[in-house]
$ cat start30.tsv   # TSV, C-alpha atoms
chain	number	residue	atom	x	y	z
A	1	MET	CA	-233.58	47.03	-70.58
A	2	ASN	CA	-232.50	49.74	-68.16
A	3	LYS	CA	-231.35	47.80	-65.10
A	4	LYS	CA	-227.72	46.77	-65.49
A	5	VAL	CA	-225.65	44.06	-63.79
A	6	LEU	CA	-221.88	43.83	-64.24
A	7	VAL	CA	-220.75	40.23	-64.84
A	8	ALA	CA	-216.99	39.78	-64.39
A	9	PRO	CA	-215.35	36.33	-64.61
A	10	LEU	CA	-211.68	35.69	-63.88
A	11	ASN	CA	-209.49	35.06	-66.93
A	12	TRP	CA	-207.97	31.75	-65.80
A	13	GLY	CA	-208.64	29.18	-68.49
A	14	LEU	CA	-212.14	29.32	-69.98
A	15	GLY	CA	-214.22	27.83	-67.15
A	16	HIS	CA	-214.99	30.98	-65.16
A	17	ALA	CA	-216.24	32.71	-68.30
A	18	THR	CA	-218.26	29.81	-69.73
A	19	ARG	CA	-220.10	29.07	-66.50
A	20	CYS	CA	-221.26	32.70	-66.47
A	21	ILE	CA	-223.01	32.17	-69.83
A	22	PRO	CA	-226.23	30.68	-68.32
A	23	ILE	CA	-226.30	33.53	-65.78
A	24	ILE	CA	-225.92	36.14	-68.55
A	25	ASN	CA	-228.72	34.47	-70.54
A	26	ALA	CA	-230.93	34.45	-67.42
A	27	LEU	CA	-230.29	38.16	-66.80
A	28	ILE	CA	-231.37	38.94	-70.38
A	29	TYR	CA	-234.49	36.77	-69.96
A	30	GLU	CA	-235.37	38.64	-66.74
A	31	GLY	CA	-235.08	41.98	-68.51
A	32	ILE	CA	-231.76	42.99	-66.93
A	33	GLU	CA	-228.89	44.18	-69.12
A	34	PRO	CA	-225.63	42.30	-68.48
A	35	VAL	CA	-222.40	44.27	-68.93
A	36	ILE	CA	-219.48	41.91	-69.49
A	37	ALA	CA	-216.10	42.67	-67.92
A	38	SER	CA	-212.93	40.58	-68.02
A	39	ASP	CA	-209.67	40.34	-69.97
A	40	GLY	CA	-207.83	38.05	-72.37
A	41	VAL	CA	-209.47	34.86	-73.66
A	42	ALA	CA	-212.28	35.03	-71.07
A	43	LEU	CA	-213.40	38.37	-72.47
A	44	SER	CA	-212.90	37.16	-76.05
A	45	ILE	CA	-215.13	34.11	-75.67
A	46	LEU	CA	-217.92	36.11	-73.99
A	47	LYS	CA	-217.77	38.73	-76.75
A	48	LYS	CA	-218.13	35.93	-79.31
A	49	GLU	CA	-221.09	34.45	-77.41
A	50	PHE	CA	-222.75	37.85	-76.81
A	51	PRO	CA	-221.66	40.24	-79.59
A	52	GLY	CA	-224.52	42.66	-78.85
A	53	LEU	CA	-223.63	43.27	-75.19
A	54	GLN	CA	-221.49	46.05	-73.79
A	55	ALA	CA	-218.04	44.68	-72.88
A	56	ARG	CA	-215.37	46.27	-70.69
A	57	THR	CA	-211.75	45.33	-70.07
A	58	LEU	CA	-210.48	44.69	-66.55
A	59	PRO	CA	-206.82	44.53	-65.45
A	60	SER	CA	-205.19	41.15	-66.05
A	61	TYR	CA	-204.01	38.95	-63.18
A	62	ASN	CA	-201.30	37.65	-65.56
A	63	ILE	CA	-201.23	34.25	-63.87
A	64	GLU	CA	-198.42	32.06	-65.19
A	65	TYR	CA	-198.02	28.32	-64.58
A	66	SER	CA	-194.81	26.42	-64.11
A	67	LYS	CA	-193.74	23.76	-66.61
A	68	LYS	CA	-193.23	21.44	-63.63
A	69	GLY	CA	-196.21	20.66	-61.44
A	70	SER	CA	-194.00	20.44	-58.35
A	71	ASN	CA	-193.25	24.17	-58.76
A	72	PHE	CA	-196.93	25.19	-58.86
A	73	LYS	CA	-197.09	26.70	-55.37
A	74	LEU	CA	-193.78	28.52	-55.82
A	75	LYS	CA	-194.96	29.99	-59.12
A	76	MET	CA	-198.25	31.12	-57.53
A	77	LEU	CA	-196.29	32.74	-54.69
A	78	LEU	CA	-194.17	34.60	-57.23
A	79	ASN	CA	-197.40	35.65	-59.01
A	80	SER	CA	-198.94	37.05	-55.80
A	81	PRO	CA	-197.58	40.64	-56.13
A	82	LYS	CA	-199.04	40.85	-59.66
A	83	ILE	CA	-202.37	39.48	-58.41
A	84	ALA	CA	-202.49	41.98	-55.53
A	85	HIS	CA	-201.73	44.81	-57.95
A	86	ALA	CA	-204.51	43.61	-60.30
A	87	ILE	CA	-207.03	43.45	-57.42
A	88	ASN	CA	-206.27	47.06	-56.49
A	89	ALA	CA	-206.56	48.10	-60.13
A	90	GLU	CA	-209.93	46.28	-60.35
A	91	LYS	CA	-211.24	48.22	-57.34
A	92	LYS	CA	-210.28	51.52	-58.99
A	93	ALA	CA	-211.94	50.50	-62.26
A	94	ILE	CA	-215.16	49.47	-60.48
A	95	ARG	CA	-215.31	52.75	-58.53
A	96	ARG	CA	-214.92	54.67	-61.79
A	97	TRP	CA	-217.55	52.62	-63.64
A	98	VAL	CA	-220.10	52.92	-60.81
A	99	GLU	CA	-219.64	56.71	-60.88
A	100	GLU	CA	-220.11	56.76	-64.68
A	101	GLU	CA	-223.01	54.32	-64.95
A	102	GLU	CA	-225.78	52.99	-62.71
A	103	PHE	CA	-225.58	49.29	-61.86
A	104	CYS	CA	-228.15	47.44	-59.76
A	105	GLY	CA	-225.76	44.54	-59.13
A	106	ILE	CA	-222.28	43.10	-59.57
A	107	ILE	CA	-221.50	39.41	-60.17
A	108	SER	CA	-217.82	38.52	-59.79
A	109	ASP	CA	-216.64	35.03	-60.65
A	110	ASN	CA	-213.44	34.80	-58.59
A	111	ARG	CA	-212.31	38.39	-59.24
A	112	MET	CA	-211.48	39.61	-55.74
A	113	GLY	CA	-211.63	43.35	-56.43
A	114	VAL	CA	-214.85	43.46	-58.44
A	115	ARG	CA	-217.31	44.77	-55.83
A	116	HIS	CA	-218.66	48.07	-54.54
A	117	LYS	CA	-220.06	49.04	-51.16
A	118	SER	CA	-223.10	50.78	-52.67
A	119	VAL	CA	-223.99	48.03	-55.18
A	120	PRO	CA	-225.18	44.51	-54.17
A	121	SER	CA	-222.12	42.40	-54.97
A	122	VAL	CA	-222.05	38.61	-55.41
A	123	PHE	CA	-218.98	36.36	-55.53
A	124	ILE	CA	-219.19	33.07	-57.46
A	125	THR	CA	-216.87	30.26	-56.41
A	126	HIS	CA	-216.91	26.50	-55.92
A	127	GLN	CA	-213.85	26.79	-53.67
A	128	LEU	CA	-214.83	27.65	-50.11
A	129	THR	CA	-211.96	25.30	-49.27
A	130	VAL	CA	-208.83	26.14	-51.30
A	131	LEU	CA	-206.68	23.03	-51.43
A	132	SER	CA	-202.95	23.72	-51.48
A	133	GLY	CA	-201.38	20.77	-49.66
A	134	LYS	CA	-199.88	21.65	-46.28
A	135	THR	CA	-200.91	25.29	-46.72
A	136	THR	CA	-204.64	24.53	-47.29
A	137	SER	CA	-205.66	26.18	-44.02
A	138	PHE	CA	-203.79	29.39	-44.92
A	139	SER	CA	-204.99	29.55	-48.55
A	140	THR	CA	-208.59	28.91	-47.45
A	141	LYS	CA	-208.49	31.67	-44.80
A	142	LEU	CA	-207.00	34.12	-47.31
A	143	HIS	CA	-209.63	33.32	-49.95
A	144	ASN	CA	-212.48	33.52	-47.44
A	145	LYS	CA	-211.19	36.88	-46.21
A	146	TYR	CA	-211.87	38.28	-49.70
A	147	ILE	CA	-215.21	36.47	-50.09
A	148	LYS	CA	-216.52	37.98	-46.82
A	149	LYS	CA	-216.14	41.46	-48.34
A	150	PHE	CA	-218.96	40.57	-50.76
A	151	ASP	CA	-222.63	40.63	-49.80
A	152	LEU	CA	-223.28	37.04	-50.84
A	153	CYS	CA	-221.50	33.99	-52.23
A	154	TRP	CA	-223.04	31.79	-54.91
A	155	VAL	CA	-221.72	28.22	-55.11
A	156	PRO	CA	-222.52	26.37	-58.37
A	157	ASP	CA	-223.29	22.98	-56.84
A	158	MET	CA	-225.95	21.08	-54.90
A	159	ALA	CA	-226.23	21.98	-51.22
A	160	ASP	CA	-226.28	18.34	-50.10
A	161	ASP	CA	-225.13	14.92	-51.29
A	162	PRO	CA	-224.79	13.89	-54.02
A	163	ASN	CA	-222.74	16.82	-55.26
A	164	LEU	CA	-219.84	17.52	-57.63
A	165	SER	CA	-217.42	19.68	-55.61
A	166	GLY	CA	-217.08	17.65	-52.40
A	167	GLU	CA	-215.13	19.41	-49.67
A	168	LEU	CA	-214.24	22.26	-52.05
A	169	GLY	CA	-217.75	23.68	-51.92
A	170	HIS	CA	-218.88	22.09	-48.64
A	171	PRO	CA	-216.47	22.96	-45.81
A	172	LYS	CA	-217.19	21.54	-42.37
A	173	LYS	CA	-217.17	25.05	-40.91
A	174	SER	CA	-218.03	28.30	-42.67
A	175	ASN	CA	-219.60	31.61	-41.66
A	176	ILE	CA	-219.91	32.88	-45.24
A	177	PRO	CA	-223.50	33.60	-46.44
A	178	VAL	CA	-223.87	31.01	-49.23
A	179	THR	CA	-226.55	30.26	-51.80
A	180	TYR	CA	-226.13	26.92	-53.62
A	181	LEU	CA	-227.26	27.33	-57.22
A	182	GLY	CA	-226.93	23.76	-58.38
A	183	PRO	CA	-224.38	22.95	-61.12
A	184	LEU	CA	-224.15	25.57	-63.88
A	185	SER	CA	-223.79	24.62	-67.53
A	186	ARG	CA	-224.50	26.40	-70.80
A	187	PHE	CA	-225.19	23.06	-72.51
A	188	GLU	CA	-228.22	20.80	-73.06
A	189	TYR	CA	-228.13	17.01	-73.30
A	190	GLN	CA	-229.17	15.56	-76.66
A	191	ILE	CA	-229.07	12.07	-78.10
A	192	LEU	CA	-227.14	12.50	-81.36
A	193	PRO	CA	-225.50	10.01	-83.75
A	194	LYS	CA	-221.94	9.41	-82.59
A	195	LYS	CA	-219.53	11.07	-85.03
A	196	TYR	CA	-216.33	10.78	-82.98
A	197	ASP	CA	-214.83	7.99	-80.88
A	198	ILE	CA	-212.85	10.45	-78.79
A	199	MET	CA	-213.03	14.20	-78.20
A	200	VAL	CA	-210.05	16.04	-76.71
A	201	LEU	CA	-211.17	19.23	-74.99
A	202	LEU	CA	-208.25	21.47	-74.11
A	203	SER	CA	-208.19	24.63	-72.02
A	204	GLY	CA	-206.35	26.26	-69.14
A	205	PRO	CA	-203.32	28.49	-68.64
A	206	GLU	CA	-200.07	28.10	-70.50
A	207	PRO	CA	-197.63	26.43	-70.73
A	208	GLN	CA	-199.57	23.41	-69.44
A	209	ARG	CA	-202.27	23.61	-72.14
A	210	THR	CA	-199.64	23.32	-74.88
A	211	LEU	CA	-197.69	20.58	-73.06
A	212	LEU	CA	-200.83	18.42	-72.82
A	213	GLU	CA	-201.76	19.14	-76.43
A	214	GLN	CA	-198.33	18.01	-77.64
A	215	LYS	CA	-198.47	14.82	-75.60
A	216	LEU	CA	-201.97	13.88	-76.77
A	217	PHE	CA	-201.17	14.58	-80.42
A	218	GLN	CA	-198.20	12.20	-80.16
A	219	GLU	CA	-200.35	9.50	-78.60
A	220	PHE	CA	-203.32	9.78	-80.96
A	221	GLU	CA	-201.25	9.81	-84.13
A	222	GLN	CA	-200.79	6.08	-83.37
A	223	SER	CA	-204.55	5.50	-83.05
A	224	ASP	CA	-207.04	4.42	-85.72
A	225	LYS	CA	-209.95	6.01	-83.81
A	226	ASN	CA	-211.95	8.94	-85.17
A	227	ILE	CA	-210.80	11.85	-82.99
A	228	VAL	CA	-211.67	15.54	-82.67
A	229	PHE	CA	-209.39	18.05	-80.93
A	230	VAL	CA	-210.74	21.37	-79.63
A	231	ARG	CA	-207.59	23.26	-78.75
A	232	GLY	CA	-209.12	26.02	-76.63
A	233	LEU	CA	-207.30	28.78	-78.48
A	234	ILE	CA	-209.71	31.72	-78.78
A	235	GLU	CA	-208.53	33.46	-81.95
A	236	GLU	CA	-210.06	35.97	-84.36
A	237	MET	CA	-211.08	33.33	-86.88
A	238	HIS	CA	-212.42	29.81	-86.39
A	239	LYS	CA	-209.98	27.40	-88.06
A	240	THR	CA	-210.46	23.70	-88.79
A	241	TYR	CA	-208.12	21.24	-90.43
A	242	VAL	CA	-207.82	17.45	-90.68
A	243	LYS	CA	-204.70	15.38	-90.13
A	244	ASN	CA	-205.23	11.68	-90.90
A	245	ASN	CA	-207.83	10.50	-88.36
A	246	ILE	CA	-207.86	13.74	-86.33
A	247	THR	CA	-210.14	16.75	-86.90
A	248	ILE	CA	-208.68	19.86	-85.25
A	249	HIS	CA	-210.50	23.08	-84.25
A	250	ASN	CA	-208.73	26.02	-82.66
A	251	TYR	CA	-211.98	26.64	-80.76
A	252	LEU	CA	-215.70	26.00	-80.85
A	253	THR	CA	-218.40	28.08	-79.18
A	254	GLY	CA	-222.03	27.63	-78.20
A	255	LYS	CA	-224.11	25.13	-80.14
A	256	GLU	CA	-221.18	23.82	-82.19
A	257	LEU	CA	-219.30	22.81	-79.05
A	258	GLU	CA	-222.44	21.35	-77.44
A	259	ASN	CA	-223.16	19.25	-80.56
A	260	THR	CA	-219.57	18.03	-80.80
A	261	ILE	CA	-219.55	16.85	-77.18
A	262	ASN	CA	-222.98	15.22	-77.54
A	263	SER	CA	-221.82	13.38	-80.68
A	264	SER	CA	-218.60	12.04	-79.07
A	265	ASN	CA	-218.41	8.71	-77.23
A	266	LEU	CA	-215.64	9.80	-74.84
A	267	VAL	CA	-214.20	13.16	-73.75
A	268	ILE	CA	-210.60	13.59	-72.59
A	269	SER	CA	-209.99	16.83	-70.72
A	270	ARG	CA	-208.66	18.58	-67.66
A	271	SER	CA	-210.67	18.04	-64.49
A	272	GLY	CA	-211.52	21.72	-64.06
A	273	TYR	CA	-214.75	22.19	-62.16
A	274	THR	CA	-216.65	23.88	-65.00
A	275	THR	CA	-215.71	21.01	-67.33
A	276	VAL	CA	-216.96	18.52	-64.72
A	277	MET	CA	-220.28	20.42	-64.51
A	278	ASP	CA	-220.63	20.53	-68.32
A	279	LEU	CA	-219.86	16.83	-68.81
A	280	ALA	CA	-222.24	15.88	-65.99
A	281	LYS	CA	-225.02	17.88	-67.69
A	282	LEU	CA	-224.26	16.03	-70.94
A	283	LYS	CA	-224.04	12.61	-69.19
A	284	LYS	CA	-220.65	11.84	-70.68
A	285	LYS	CA	-218.06	9.14	-70.32
A	286	ALA	CA	-214.79	10.96	-69.66
A	287	PHE	CA	-211.11	10.55	-68.88
A	288	PHE	CA	-209.46	13.30	-66.82
A	289	ILE	CA	-205.85	14.54	-66.83
A	290	PRO	CA	-205.55	17.18	-64.08
A	291	THR	CA	-203.25	20.16	-64.56
A	292	PRO	CA	-199.96	19.19	-62.86
A	293	GLY	CA	-199.66	20.71	-59.39
A	294	GLN	CA	-203.20	22.13	-59.35
A	295	PHE	CA	-204.56	20.63	-56.14
A	296	GLU	CA	-208.21	21.39	-56.93
A	297	GLN	CA	-208.16	19.48	-60.24
A	298	GLU	CA	-206.20	16.60	-58.68
A	299	TYR	CA	-208.76	16.38	-55.86
A	300	LEU	CA	-211.74	16.37	-58.25
A	301	ALA	CA	-210.13	13.72	-60.48
A	302	ASP	CA	-209.27	11.49	-57.49
A	303	ARG	CA	-212.75	11.90	-55.99
A	304	LEU	CA	-214.53	10.96	-59.23
A	305	MET	CA	-212.21	7.98	-59.73
A	306	LEU	CA	-212.89	6.71	-56.18
A	307	GLN	CA	-216.63	7.01	-56.89
A	308	LYS	CA	-216.06	4.83	-59.98
A	309	LEU	CA	-217.42	7.59	-62.23
A	310	VAL	CA	-214.40	8.78	-64.26
A	311	PRO	CA	-210.88	7.35	-64.60
A	312	SER	CA	-207.87	9.66	-64.55
A	313	CYS	CA	-204.09	9.75	-64.47
A	314	THR	CA	-201.26	12.25	-64.36
A	315	GLN	CA	-200.11	14.03	-67.51
A	316	ASN	CA	-196.81	12.13	-67.59
A	317	GLU	CA	-198.52	8.75	-67.14
A	318	PHE	CA	-201.06	9.06	-69.95
A	319	THR	CA	-200.92	6.53	-72.80
A	320	LEU	CA	-203.60	5.11	-75.08
A	321	LYS	CA	-203.60	1.96	-72.93
A	322	LYS	CA	-205.09	3.96	-70.05
A	323	LEU	CA	-208.35	4.24	-72.02
A	324	ARG	CA	-208.91	0.48	-71.81
A	325	THR	CA	-210.28	0.90	-68.27
A	326	ILE	CA	-213.08	3.27	-69.35
A	327	ASN	CA	-215.83	0.62	-69.26
A	328	ASN	CA	-215.10	-0.01	-65.58
A	329	TYR	CA	-216.49	3.47	-64.79
A	330	ARG	CA	-220.12	4.62	-64.90
A	331	GLY	CA	-219.52	8.05	-66.39
A	332	LEU	CA	-221.00	11.36	-65.23
A	333	SER	CA	-224.71	12.03	-64.84
A	334	SER	CA	-226.78	15.16	-64.48
A	335	PHE	CA	-227.83	16.60	-61.14
A	336	GLY	CA	-231.05	18.02	-62.52
A	337	THR	CA	-232.00	21.27	-60.86
A	338	ASP	CA	-233.81	24.37	-62.07
A	339	VAL	CA	-232.46	27.66	-60.78
A	340	ASP	CA	-235.13	30.23	-59.93
A	341	TYR	CA	-233.21	33.12	-61.45
A	342	GLY	CA	-236.04	35.59	-60.89
A	343	LYS	CA	-235.91	34.94	-57.15
A	344	LEU	CA	-232.10	34.91	-57.22
A	345	PHE	CA	-231.89	38.31	-58.95
A	346	HIS	CA	-234.27	39.93	-56.42
A	347	PHE	CA	-231.14	40.23	-54.29
A	348	PHE	CA	-230.03	43.09	-56.53
A	349	GLN	CA	-232.90	45.19	-55.18
A	350	SER	CA	-231.56	44.81	-51.61
A	351	LYS	CA	-229.52	48.05	-51.38
$ encode --input "start30.tsv" --output "structure tokens"
Amino acid sequence: MNKKVLVAPLNWGLGHATRCIPIINALIYEGIEPVIASDGVALSILKKEFPGLQARTLPSYNIEYSKKGSNFKLKMLLNSPKIAHAINAEKKAIRRWVEEEEFCGIISDNRMGVRHKSVPSVFITHQLTVLSGKTTSFSTKLHNKYIKKFDLCWVPDMADDPNLSGELGHPKKSNIPVTYLGPLSRFEYQILPKKYDIMVLLSGPEPQRTLLEQKLFQEFEQSDKNIVFVRGLIEEMHKTYVKNNITIHNYLTGKELENTINSSNLVISRSGYTTVMDLAKLKKKAFFIPTPGQFEQEYLADRLMLQKLVPSCTQNEFTLKKLRTINNYRGLSSFGTDVDYGKLFHFFQSK
């Protein structure tokens, strides 16, 4: 492989990194060498999935969440100088790398500064509309201002109804050049014997990941169900231990995670968009607990509940009793679509 494409997901939870996995696999299949670039846990999980690929470290956005959901927008505002600094640092890193090495393309999953004027540069997002309450119009315009600096935007969803992202990925007005890929997932649906009654799939920025973990542990210690927790902590070693009826993994990758989800009757998780895509591919019954104050996750959870697909509630409201309503919902189902990656990657010959 001599053609190289830089693949750079944002380190914000695990979703941006994991939805790049099918793209990285497709690049390899098409004879193009992916070069991975990110930071923190996003980079760690991709290095575990692809130990033979070249990996580079990008500046961290250092996004911190508030302990109180009502302070989410304020915390993001306070984070904005750090984010702007990271974007500028990304631009410098990309300029240096393009001078050192020849790339035929750049794929940025929500990293605003990962592009270059002389290299075909793609931005991946499901958020052409950035929900932020009363400031939605402003946050959308700001986000779109950055997207327009890229040559093309890939949206991982269906172009028409039915779709998973709703108004997030389908604004009423947009002048951004968009290609709809269909939902992206690294997983494959399999019918396996059910080993677990409930799977808890944790991820996302701190401190909210830990706060949800603590709450769910307290609740499920009172349950007699067979439960598996995947904590979403990407550490050097894979650790597993059992506490009464609960099996606990610090993380699972690849086939192990796919098999665990397929062999679970119900998945409890955040309503992050990548998780929604994965659970739809695996045709799962689910219960969503959106990250407090994160408008996108709250919107997705509300939309799926209104469609009678997946029940949800706030983090503070969750109790075991909430799971009694699960049979009133149909669960997620796959939007089967095959991406023509060969045709898609022809774009990288455009400059």
$ closest_atom_pairs --input "start30.tsv" --of "segment 226-304 of chain A" --to "segment 17-37 of chain A" --cutoff "12 Å" --atoms "only C-alpha atoms" --output "JSON lines"
{"residue": "A:Thr253", "atom": "CA", "partner": "A:Thr18", "partner_atom": "CA", "distance": 9.6}
{"residue": "A:Gly254", "atom": "CA", "partner": "A:Thr18", "partner_atom": "CA", "distance": 9.5}
{"residue": "A:Leu257", "atom": "CA", "partner": "A:Thr18", "partner_atom": "CA", "distance": 11.7}
{"residue": "A:Gly272", "atom": "CA", "partner": "A:Arg19", "partner_atom": "CA", "distance": 11.6}
{"residue": "A:Tyr273", "atom": "CA", "partner": "A:Arg19", "partner_atom": "CA", "distance": 9.7}
{"residue": "A:Thr274", "atom": "CA", "partner": "A:Arg19", "partner_atom": "CA", "distance": 6.4}
{"residue": "A:Thr275", "atom": "CA", "partner": "A:Arg19", "partner_atom": "CA", "distance": 9.2}
{"residue": "A:Val276", "atom": "CA", "partner": "A:Arg19", "partner_atom": "CA", "distance": 11.2}
{"residue": "A:Met277", "atom": "CA", "partner": "A:Arg19", "partner_atom": "CA", "distance": 8.9}
{"residue": "A:Asp278", "atom": "CA", "partner": "A:Arg19", "partner_atom": "CA", "distance": 8.7}
$ atom_distance --input "start30.tsv" --atom1 "atom CA of Ser165 of chain A" --atom2 "atom CA of Leu181 of chain A"
12.6 Å
$ atom_distance --input "start30.tsv" --atom1 "atom CA of Val114 of chain A" --atom2 "atom CA of Glu49 of chain A"
21.9 Å
$ residues_around --input "start30.tsv" --residues "Arg231 of chain A" --least-positions-apart "5" --cutoff "12 Å" --atoms "all atoms listed in the file" --output "CSV table (one decimal) with C-alpha atoms, in the coordinates of the input"
chain,number,residue,atom,x,y,z
A,13,GLY,CA,-208.6,29.2,-68.5
A,14,LEU,CA,-212.1,29.3,-70.0
A,199,MET,CA,-213.0,14.2,-78.2
A,200,VAL,CA,-210.0,16.0,-76.7
A,201,LEU,CA,-211.2,19.2,-75.0
A,202,LEU,CA,-208.2,21.5,-74.1
A,203,SER,CA,-208.2,24.6,-72.0
A,204,GLY,CA,-206.4,26.3,-69.1
A,209,ARG,CA,-202.3,23.6,-72.1
A,210,THR,CA,-199.6,23.3,-74.9
A,211,LEU,CA,-197.7,20.6,-73.1
A,212,LEU,CA,-200.8,18.4,-72.8
A,213,GLU,CA,-201.8,19.1,-76.4
A,214,GLN,CA,-198.3,18.0,-77.6
A,216,LEU,CA,-202.0,13.9,-76.8
A,217,PHE,CA,-201.2,14.6,-80.4
A,238,HIS,CA,-212.4,29.8,-86.4
A,239,LYS,CA,-210.0,27.4,-88.1
A,240,THR,CA,-210.5,23.7,-88.8
A,241,TYR,CA,-208.1,21.2,-90.4
A,247,THR,CA,-210.1,16.8,-86.9
A,248,ILE,CA,-208.7,19.9,-85.2
A,249,HIS,CA,-210.5,23.1,-84.2
A,250,ASN,CA,-208.7,26.0,-82.7
A,251,TYR,CA,-212.0,26.6,-80.8
A,252,LEU,CA,-215.7,26.0,-80.8
A,253,THR,CA,-218.4,28.1,-79.2
A,257,LEU,CA,-219.3,22.8,-79.0
A,268,ILE,CA,-210.6,13.6,-72.6
A,269,SER,CA,-210.0,16.8,-70.7
$ residues_around --input "start30.tsv" --residues "segment 153-161 of chain A" --least-positions-apart "2" --cutoff "6 Å" --atoms "only C-alpha atoms" --output "list in words"
Val122, Phe123, Ile124, Thr125, His126, Asn163, Val178, Thr179, Tyr180, Leu181, Gly182, Pro183 and Leu184 of chain A
$ atom_distance --input "start30.tsv" --atom1 "atom CA of Ile45 of chain A" --atom2 "atom CA of Asp109 of chain A"
15.1 Å
$ closest_atom_pairs --input "start30.tsv" --of "segment 146-165 of chain A" --to "segment 137-142 of chain A" --cutoff "12 Å" --atoms "all atoms listed in the file" --output "CSV"
residue,atom,partner,partner_atom,distance
A:Tyr146,CA,A:Leu142,CA,6.8
A:Ile147,CA,A:Leu142,CA,9.0
A:Lys148,CA,A:Leu142,CA,10.3
A:Lys149,CA,A:Leu142,CA,11.8
$ write_last_selection --input "start30.tsv" --atoms "C-alpha atoms" --output "short mmCIF file (atom, residue, chain, number, x, y, z; two decimals), in the coordinates of the input"
data_model
loop_
_atom_site.label_atom_id
_atom_site.label_comp_id
_atom_site.auth_asym_id
_atom_site.auth_seq_id
_atom_site.Cartn_x
_atom_site.Cartn_y
_atom_site.Cartn_z
CA TYR A 146 -211.87 38.28 -49.70
CA ILE A 147 -215.21 36.47 -50.09
CA LYS A 148 -216.52 37.98 -46.82
CA LYS A 149 -216.14 41.46 -48.34
#
$ closest_residue --input "start30.tsv" --among "A:Ile83, A:Leu152, A:Leu323, A:Val98" --to "Met112 of chain A" --atoms "all atoms listed in the file"
A:Ile83
$ closest_residue --input "start30.tsv" --among "A:Cys313, A:Val267, A:Leu300, A:Ile289" --to "Gly331 of chain A" --atoms "all atoms listed in the file"
A:Val267
$ closest_residue --input "start30.tsv" --among "A:Lys194, A:Lys322, A:Phe187, A:Leu128" --to "Asn175 of chain A" --atoms "all atoms listed in the file"
A:Leu128
$ closest_residue --input "start30.tsv" --among "A:Phe287, A:Phe103, A:Phe318, A:Tyr189" --to "Val5 of chain A" --atoms "only C-alpha atoms"
A:Phe103
$ build_atoms --input "start30.tsv" --residues "segment 22-32 of chain A" --atoms "N, CA, C and O atoms" --output "CSV table (one decimal), keeping the file's coordinate frame"
chain,number,residue,atom,x,y,z
A,22,PRO,N,-224.8,30.8,-68.7
A,22,PRO,CA,-226.2,30.7,-68.3
A,22,PRO,C,-226.8,31.8,-67.4
A,22,PRO,O,-227.9,32.2,-67.5
A,23,ILE,N,-225.9,32.4,-66.6
A,23,ILE,CA,-226.3,33.5,-65.8
A,23,ILE,C,-226.6,34.8,-66.7
A,23,ILE,O,-227.6,35.5,-66.5
A,24,ILE,N,-225.7,35.0,-67.6
A,24,ILE,CA,-225.9,36.1,-68.6
A,24,ILE,C,-227.2,36.0,-69.3
A,24,ILE,O,-228.0,36.9,-69.5
A,25,ASN,N,-227.5,34.7,-69.8
A,25,ASN,CA,-228.7,34.5,-70.5
A,25,ASN,C,-229.9,34.7,-69.6
A,25,ASN,O,-231.0,35.2,-70.1
A,26,ALA,N,-229.8,34.3,-68.4
A,26,ALA,CA,-230.9,34.4,-67.4
A,26,ALA,C,-231.2,35.9,-67.1
A,26,ALA,O,-232.3,36.3,-67.0
A,27,LEU,N,-230.1,36.7,-67.0
A,27,LEU,CA,-230.3,38.2,-66.8
A,27,LEU,C,-231.1,38.8,-68.0
A,27,LEU,O,-232.0,39.6,-67.8
A,28,ILE,N,-230.7,38.4,-69.2
A,28,ILE,CA,-231.4,38.9,-70.4
A,28,ILE,C,-232.8,38.5,-70.3
A,28,ILE,O,-233.7,39.4,-70.6
A,29,TYR,N,-233.1,37.3,-70.0
A,29,TYR,CA,-234.5,36.8,-70.0
A,29,TYR,C,-235.3,37.5,-68.9
A,29,TYR,O,-236.5,37.8,-69.1
A,30,GLU,N,-234.7,37.9,-67.8
A,30,GLU,CA,-235.4,38.6,-66.7
A,30,GLU,C,-235.5,40.1,-67.0
A,30,GLU,O,-235.9,40.9,-66.1
A,31,GLY,N,-235.0,40.6,-68.2
A,31,GLY,CA,-235.1,42.0,-68.5
A,31,GLY,C,-234.0,42.9,-67.9
A,31,GLY,O,-234.2,44.1,-67.8
A,32,ILE,N,-232.9,42.3,-67.5
A,32,ILE,CA,-231.8,43.0,-66.9
A,32,ILE,C,-230.6,43.0,-67.9
A,32,ILE,O,-230.3,41.9,-68.5
